[in-house]
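Working notes, beginning with the structure itself.
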Amino acid sequence: VYLVRTVRVDAGLVGGLLALSSCGGVAGAALGKRIGDVLGSGRALLLLKVGACPFALLIPLAASGPRSLLVAAGGFGVGFGVVAGNVLSSSFGQSYTPAELFSRVNATGNVFNYGTIPIGALLAGGLASALGVREAMWIMTALLPVSSLFLLASPLRRLRRLPDAAPPPTGSVQSWST
């Protein structure tokens, strides 16, 4: 809707811009571990997740013509940082979480990650209806950098490397099976 009605690009170009944007995720998946090895997994995770956020602000700057490439550049940057960061955070979660808790920890994370998508879609749709599509894009993309503030306030900013393994358990874990 944004690209066709507001930016006024044709359908073929929409596909091309989205394909270029998606390449950021592919590149992030390929390079995430390498970046973590060079910078340290803790520093890299913080840099990638927080560093991706400003790229989102390129998207509402798009206009027809050459400025439509800002959508691809913004999407590429966000995709790269988010996916590369996910490589590091998923690897950490797999090595740090005790095996008997992994499925519960993973499911809980997925509920928060994927469960908020419909909420964001409703919020964006409501804003677009009330204020206009470009205005909604500005608000929603501005929220991405704000959402990363919790990472900057966390102990992650003091860690060069994420821990390799969880400390030994101190208590028993109750089983949910019967």
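Naming works like this for the structure tokens: A, B, ... for the chains as they're shown, residue 1 at the start of each chain, ligands 1 onward in shown order.
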Which residues are near Phe55 in chain A? Cut-off 12 Å, only C-alpha atoms, ignore same chain within fewer than 2 positions. Put them as a short mmCIF file (atom, residue, chain, number, x, y, z; two decimals) with N, CA, C and O atoms, in the first residue's frame.
data_model
loop_
_atom_site.label_atom_id
_atom_site.label_comp_id
_atom_site.auth_asym_id
_atom_site.auth_seq_id
_atom_site.Cartn_x
_atom_site.Cartn_y
_atom_site.Cartn_z
N SER A 21 15.59 -5.56 -0.38
CA SER A 21 15.48 -5.46 1.08
C SER A 21 15.75 -6.79 1.74
O SER A 21 16.46 -6.87 2.74
N GLY A 24 19.25 -8.23 2.73
CA GLY A 24 19.90 -7.86 4.00
C GLY A 24 19.81 -8.99 5.01
O GLY A 24 20.78 -9.28 5.72
N LEU A 48 24.58 -4.87 16.38
CA LEU A 48 23.70 -5.27 15.28
C LEU A 48 22.25 -4.89 15.54
O LEU A 48 21.58 -4.34 14.67
N LYS A 49 21.76 -5.18 16.73
CA LYS A 49 20.35 -4.92 17.03
C LYS A 49 20.08 -3.41 17.10
O LYS A 49 19.10 -2.93 16.54
N VAL A 50 20.93 -2.68 17.79
CA VAL A 50 20.72 -1.23 17.93
C VAL A 50 21.11 -0.52 16.63
O VAL A 50 20.42 0.40 16.19
N GLY A 51 22.18 -0.97 15.99
CA GLY A 51 22.64 -0.34 14.76
C GLY A 51 21.69 -0.50 13.58
O GLY A 51 21.69 0.31 12.66
N ALA A 52 20.85 -1.52 13.61
CA ALA A 52 19.88 -1.73 12.53
C ALA A 52 18.76 -0.71 12.57
O ALA A 52 18.18 -0.37 11.53
N CYS A 53 18.43 -0.23 13.75
CA CYS A 53 17.24 0.61 13.92
C CYS A 53 17.21 1.88 13.09
O CYS A 53 16.18 2.19 12.48
N LEU A 57 14.45 4.35 9.44
CA LEU A 57 14.04 5.73 9.19
C LEU A 57 14.25 6.16 7.74
O LEU A 57 13.74 7.21 7.33
N LEU A 58 14.97 5.37 6.94
CA LEU A 58 15.11 5.66 5.52
C LEU A 58 13.82 5.36 4.76
O LEU A 58 13.54 5.99 3.73
N ILE A 59 13.04 4.42 5.25
CA ILE A 59 11.87 3.94 4.51
C ILE A 59 10.83 5.04 4.28
O ILE A 59 10.37 5.23 3.15
N PRO A 60 10.45 5.83 5.30
CA PRO A 60 9.45 6.87 5.02
C PRO A 60 9.99 8.05 4.21
O PRO A 60 9.22 8.91 3.78
N LEU A 61 11.28 8.09 3.94
CA LEU A 61 11.86 9.14 3.10
C LEU A 61 11.71 8.85 1.61
O LEU A 61 12.03 9.69 0.77
N LEU A 70 15.54 4.12 -1.28
CA LEU A 70 15.67 4.25 0.18
C LEU A 70 14.91 3.13 0.89
O LEU A 70 15.30 2.71 1.98
N VAL A 71 13.83 2.65 0.29
CA VAL A 71 13.09 1.53 0.87
C VAL A 71 13.99 0.30 0.91
O VAL A 71 14.06 -0.40 1.92
N ALA A 72 14.67 0.03 -0.19
CA ALA A 72 15.56 -1.13 -0.24
C ALA A 72 16.74 -0.96 0.72
O ALA A 72 17.11 -1.91 1.43
N ALA A 73 17.31 0.23 0.78
CA ALA A 73 18.44 0.46 1.68
C ALA A 73 18.01 0.32 3.14
O ALA A 73 18.70 -0.33 3.95
N GLY A 74 16.87 0.89 3.49
CA GLY A 74 16.37 0.77 4.86
C GLY A 74 16.04 -0.66 5.21
O GLY A 74 16.41 -1.16 6.28
N GLY A 75 15.35 -1.34 4.31
CA GLY A 75 15.00 -2.74 4.56
C GLY A 75 16.22 -3.63 4.64
O GLY A 75 16.28 -4.55 5.47
N PHE A 76 17.21 -3.37 3.79
CA PHE A 76 18.45 -4.15 3.82
C PHE A 76 19.14 -3.98 5.18
O PHE A 76 19.55 -4.95 5.80
N GLY A 77 19.28 -2.73 5.62
CA GLY A 77 19.97 -2.46 6.89
C GLY A 77 19.26 -3.07 8.08
O GLY A 77 19.89 -3.69 8.95
N VAL A 78 17.95 -2.93 8.13
CA VAL A 78 17.18 -3.51 9.23
C VAL A 78 17.27 -5.03 9.18
O VAL A 78 17.54 -5.69 10.18
N GLY A 79 17.07 -5.60 7.99
CA GLY A 79 17.13 -7.05 7.84
C GLY A 79 18.49 -7.61 8.23
O GLY A 79 18.59 -8.62 8.92
N PHE A 80 19.56 -6.95 7.79
CA PHE A 80 20.91 -7.40 8.12
C PHE A 80 21.12 -7.43 9.62
O PHE A 80 21.53 -8.44 10.19
N GLY A 81 20.85 -6.31 10.28
CA GLY A 81 21.10 -6.22 11.72
C GLY A 81 20.23 -7.16 12.53
O GLY A 81 20.71 -7.82 13.46
N VAL A 82 18.96 -7.26 12.18
CA VAL A 82 18.05 -8.11 12.95
C VAL A 82 18.41 -9.58 12.77
O VAL A 82 18.51 -10.33 13.74
N THR A 141 8.31 3.50 12.19
CA THR A 141 9.76 3.32 12.06
C THR A 141 10.51 4.06 13.17
O THR A 141 11.59 3.62 13.57
N ALA A 142 9.95 5.12 13.69
CA ALA A 142 10.59 5.82 14.82
C ALA A 142 10.49 5.00 16.10
O ALA A 142 11.34 5.14 16.99
N LEU A 144 10.99 1.82 16.28
CA LEU A 144 12.01 0.77 16.26
C LEU A 144 13.26 1.20 17.04
O LEU A 144 13.70 0.46 17.92
N PRO A 145 13.84 2.37 16.78
CA PRO A 145 14.98 2.77 17.61
C PRO A 145 14.62 2.92 19.09
O PRO A 145 15.42 2.57 19.96
#
Practice task
Would you please work out which residue, of A:Leu20, A:Met140, A:Leu88, A:Ala62, is nearest to Ile119 in chain A when using only C-alpha atoms?
Solution key: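 When distances to Ile119 in chain A are compared using only C-alpha atoms, the smallest one comes from A:Met140.
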Practice task
Based on DSSP run over this structure's backbone, return all residues of range 3-137 of chain A in alpha helix (DSSP H), as JSON, numbers by chain.
Solution key: {"A": [11, 12, 13, 14, 15, 16, 17, 18, 19, 20, 21, 22, 23, 24, 25, 26, 27, 28, 29, 30, 31, 32, 33, 34, 35, 36, 37, 38, 39, 41, 42, 43, 44, 45, 46, 47, 48, 49, 50, 51, 52, 53, 54, 55, 56, 69, 70, 71, 72, 73, 74, 75, 76, 77, 78, 79, 80, 81, 82, 83, 84, 85, 86, 87, 88, 89, 90, 91, 92, 93, 94, 95, 96, 99, 100, 101, 102, 103, 104, 105, 106, 107, 108, 109, 110, 111, 112, 113, 114, 115, 117, 118, 119, 120, 121, 122, 123, 124, 125, 126, 127, 128, 129, 130, 131, 133, 134, 135, 136, 137]}
Practice task
Could you tell me which of A:Pro66, A:Gly25, A:Pro54, A:Gly36 comes closest to Val9 in chain A if we count only C-alpha atoms?
Solution key: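 Among the listed residues, A:Pro66 lies closest to Val9 in chain A.
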Exercise for the section: Please measure the separation of CA of Ser22 in chain A and CA of Leu47 in chain A, giving the value in Å to one decimal. Expected result: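 Answer for the CA of Ser22 in chain A to CA of Leu47 in chain A separation: 20.0 Å.
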Do you know which residues are at most 12 Å from Leu123 in chain A counting only C-alpha atoms, after dropping those on the same chain fewer than 4 positions away, and could you put them as an mmCIF file with N, CA, C and O atoms, in the first residue's frame?
data_model
loop_
_atom_site.group_PDB
_atom_site.id
_atom_site.type_symbol
_atom_site.label_atom_id
_atom_site.label_comp_id
_atom_site.auth_asym_id
_atom_site.auth_seq_id
_atom_site.Cartn_x
_atom_site.Cartn_y
_atom_site.Cartn_z
ATOM 1 N N THR A 116 3.383 -10.186 19.026
ATOM 2 C CA THR A 116 3.272 -8.727 18.936
ATOM 3 C C THR A 116 3.080 -8.238 17.501
ATOM 4 O O THR A 116 2.706 -7.086 17.297
ATOM 5 N N ILE A 117 3.304 -9.089 16.520
ATOM 6 C CA ILE A 117 3.155 -8.679 15.120
ATOM 7 C C ILE A 117 1.732 -8.216 14.815
ATOM 8 O O ILE A 117 1.551 -7.141 14.228
ATOM 9 N N PRO A 118 0.692 -8.967 15.211
ATOM 10 C CA PRO A 118 -0.666 -8.470 14.932
ATOM 11 C C PRO A 118 -0.986 -7.165 15.659
ATOM 12 O O PRO A 118 -1.713 -6.322 15.130
ATOM 13 N N ILE A 119 -0.421 -6.985 16.828
ATOM 14 C CA ILE A 119 -0.649 -5.743 17.571
ATOM 15 C C ILE A 119 -0.044 -4.567 16.797
ATOM 16 O O ILE A 119 -0.670 -3.521 16.630
ATOM 17 N N LEU A 127 -3.210 3.984 12.699
ATOM 18 C CA LEU A 127 -2.495 5.245 12.458
ATOM 19 C C LEU A 127 -2.615 5.680 11.007
ATOM 20 O O LEU A 127 -2.814 6.864 10.717
ATOM 21 N N ALA A 128 -2.487 4.730 10.087
ATOM 22 C CA ALA A 128 -2.590 5.065 8.660
ATOM 23 C C ALA A 128 -3.982 5.576 8.324
ATOM 24 O O ALA A 128 -4.123 6.527 7.543
ATOM 25 N N SER A 129 -5.006 4.980 8.917
ATOM 26 C CA SER A 129 -6.376 5.446 8.666
ATOM 27 C C SER A 129 -6.612 6.831 9.238
ATOM 28 O O SER A 129 -7.284 7.665 8.633
ATOM 29 N N ALA A 130 -6.028 7.080 10.408
ATOM 30 C CA ALA A 130 -6.274 8.355 11.090
ATOM 31 C C ALA A 130 -5.389 9.488 10.574
ATOM 32 O O ALA A 130 -5.849 10.621 10.447
ATOM 33 N N LEU A 131 -4.122 9.178 10.279
ATOM 34 C CA LEU A 131 -3.156 10.229 9.977
ATOM 35 C C LEU A 131 -2.642 10.220 8.541
ATOM 36 O O LEU A 131 -2.115 11.226 8.073
ATOM 37 N N VAL A 133 -0.798 7.292 5.419
ATOM 38 C CA VAL A 133 0.144 6.176 5.346
ATOM 39 C C VAL A 133 1.578 6.618 5.648
ATOM 40 O O VAL A 133 2.278 5.987 6.437
ATOM 41 N N ALA A 136 2.025 7.336 9.304
ATOM 42 C CA ALA A 136 2.079 6.087 10.070
ATOM 43 C C ALA A 136 3.451 5.423 9.923
ATOM 44 O O ALA A 136 3.987 4.875 10.895
ATOM 45 N N MET A 137 4.015 5.489 8.720
ATOM 46 C CA MET A 137 5.356 4.924 8.506
ATOM 47 C C MET A 137 6.390 5.641 9.376
ATOM 48 O O MET A 137 7.263 5.000 9.956
ATOM 49 N N ILE A 139 5.880 7.179 12.249
ATOM 50 C CA ILE A 139 5.672 6.816 13.658
ATOM 51 C C ILE A 139 6.175 5.407 13.919
ATOM 52 O O ILE A 139 6.903 5.158 14.894
ATOM 53 N N MET A 140 5.802 4.468 13.071
ATOM 54 C CA MET A 140 6.169 3.074 13.305
ATOM 55 C C MET A 140 7.673 2.849 13.165
ATOM 56 O O MET A 140 8.260 2.099 13.937
ATOM 57 N N LEU A 143 9.497 4.136 16.193
ATOM 58 C CA LEU A 143 9.373 3.284 17.373
ATOM 59 C C LEU A 143 10.443 2.201 17.424
ATOM 60 O O LEU A 143 10.784 1.728 18.500
#
Exercise for the section: Kindly give the distance, in Å, that separates CA of Gly85 in chain A and CA of Thr108 in chain A, rounded to a single decimal. Expected result: 18.5 Å
If you take only C-alpha atoms and a cut-off of 7 Å, which residues of range 22-73 of chain A touch range 151-161 of chain A, and what are their nearest atom pairs and distances in Å to one decimal, in chain and number order, as CSV?
residue,atom,partner,partner_atom,distance
A:Gly40,CA,A:Arg161,CA,4.8
A:Ser41,CA,A:Arg161,CA,4.7
A:Gly42,CA,A:Arg161,CA,4.5
A:Arg43,CA,A:Arg160,CA,5.2
A:Leu46,CA,A:Arg157,CA,6.8
Handout entry: Atom pair CA of Leu39 in chain A / CA of Tyr114 in chain A: separation (Å)
Key =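 Computed distance, CA of Leu39 in chain A to CA of Tyr114 in chain A, equals 28.9 Å.
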All residues 7 Å or closer to Ala63 in chain A, only C-alpha atoms, same chain fewer than 3 positions away omitted, as a PDB file with all heavy atoms, in the first residue's frame:
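And here is the file that came out, selection_24.pdb:
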ATOM      1  N   VAL A   7       4.220   6.196  -2.375  1.00  0.00           N
ATOM      2  CA  VAL A   7       5.483   6.443  -3.079  1.00  0.00           C
ATOM      3  C   VAL A   7       5.261   6.452  -4.589  1.00  0.00           C
ATOM      4  O   VAL A   7       6.000   7.083  -5.319  1.00  0.00           O
ATOM      5  CB  VAL A   7       6.550   5.396  -2.665  1.00  0.00           C
ATOM      6  CG1 VAL A   7       7.869   5.628  -3.380  1.00  0.00           C
ATOM      7  CG2 VAL A   7       6.767   5.433  -1.158  1.00  0.00           C
ATOM      8  N   ARG A  67      14.718   7.973  -5.312  1.00  0.00           N
ATOM      9  CA  ARG A  67      14.510   7.921  -3.858  1.00  0.00           C
ATOM     10  C   ARG A  67      13.722   6.695  -3.424  1.00  0.00           C
ATOM     11  O   ARG A  67      13.666   6.389  -2.238  1.00  0.00           O
ATOM     12  CB  ARG A  67      13.812   9.194  -3.367  1.00  0.00           C
ATOM     13  CG  ARG A  67      14.814  10.322  -3.181  1.00  0.00           C
ATOM     14  CD  ARG A  67      14.286  11.558  -2.516  1.00  0.00           C
ATOM     15  NE  ARG A  67      13.366  11.370  -1.426  1.00  0.00           N
ATOM     16  CZ  ARG A  67      12.524  12.291  -0.997  1.00  0.00           C
ATOM     17  NH1 ARG A  67      12.483  13.465  -1.594  1.00  0.00           N
ATOM     18  NH2 ARG A  67      11.714  12.054   0.002  1.00  0.00           N
ATOM     19  N   SER A  68      13.137   5.960  -4.357  1.00  0.00           N
ATOM     20  CA  SER A  68      12.463   4.707  -3.982  1.00  0.00           C
ATOM     21  C   SER A  68      13.473   3.677  -3.484  1.00  0.00           C
ATOM     22  O   SER A  68      13.122   2.771  -2.732  1.00  0.00           O
ATOM     23  CB  SER A  68      11.663   4.149  -5.156  1.00  0.00           C
ATOM     24  OG  SER A  68      12.512   3.745  -6.211  1.00  0.00           O
TER      25      SER A  68
END
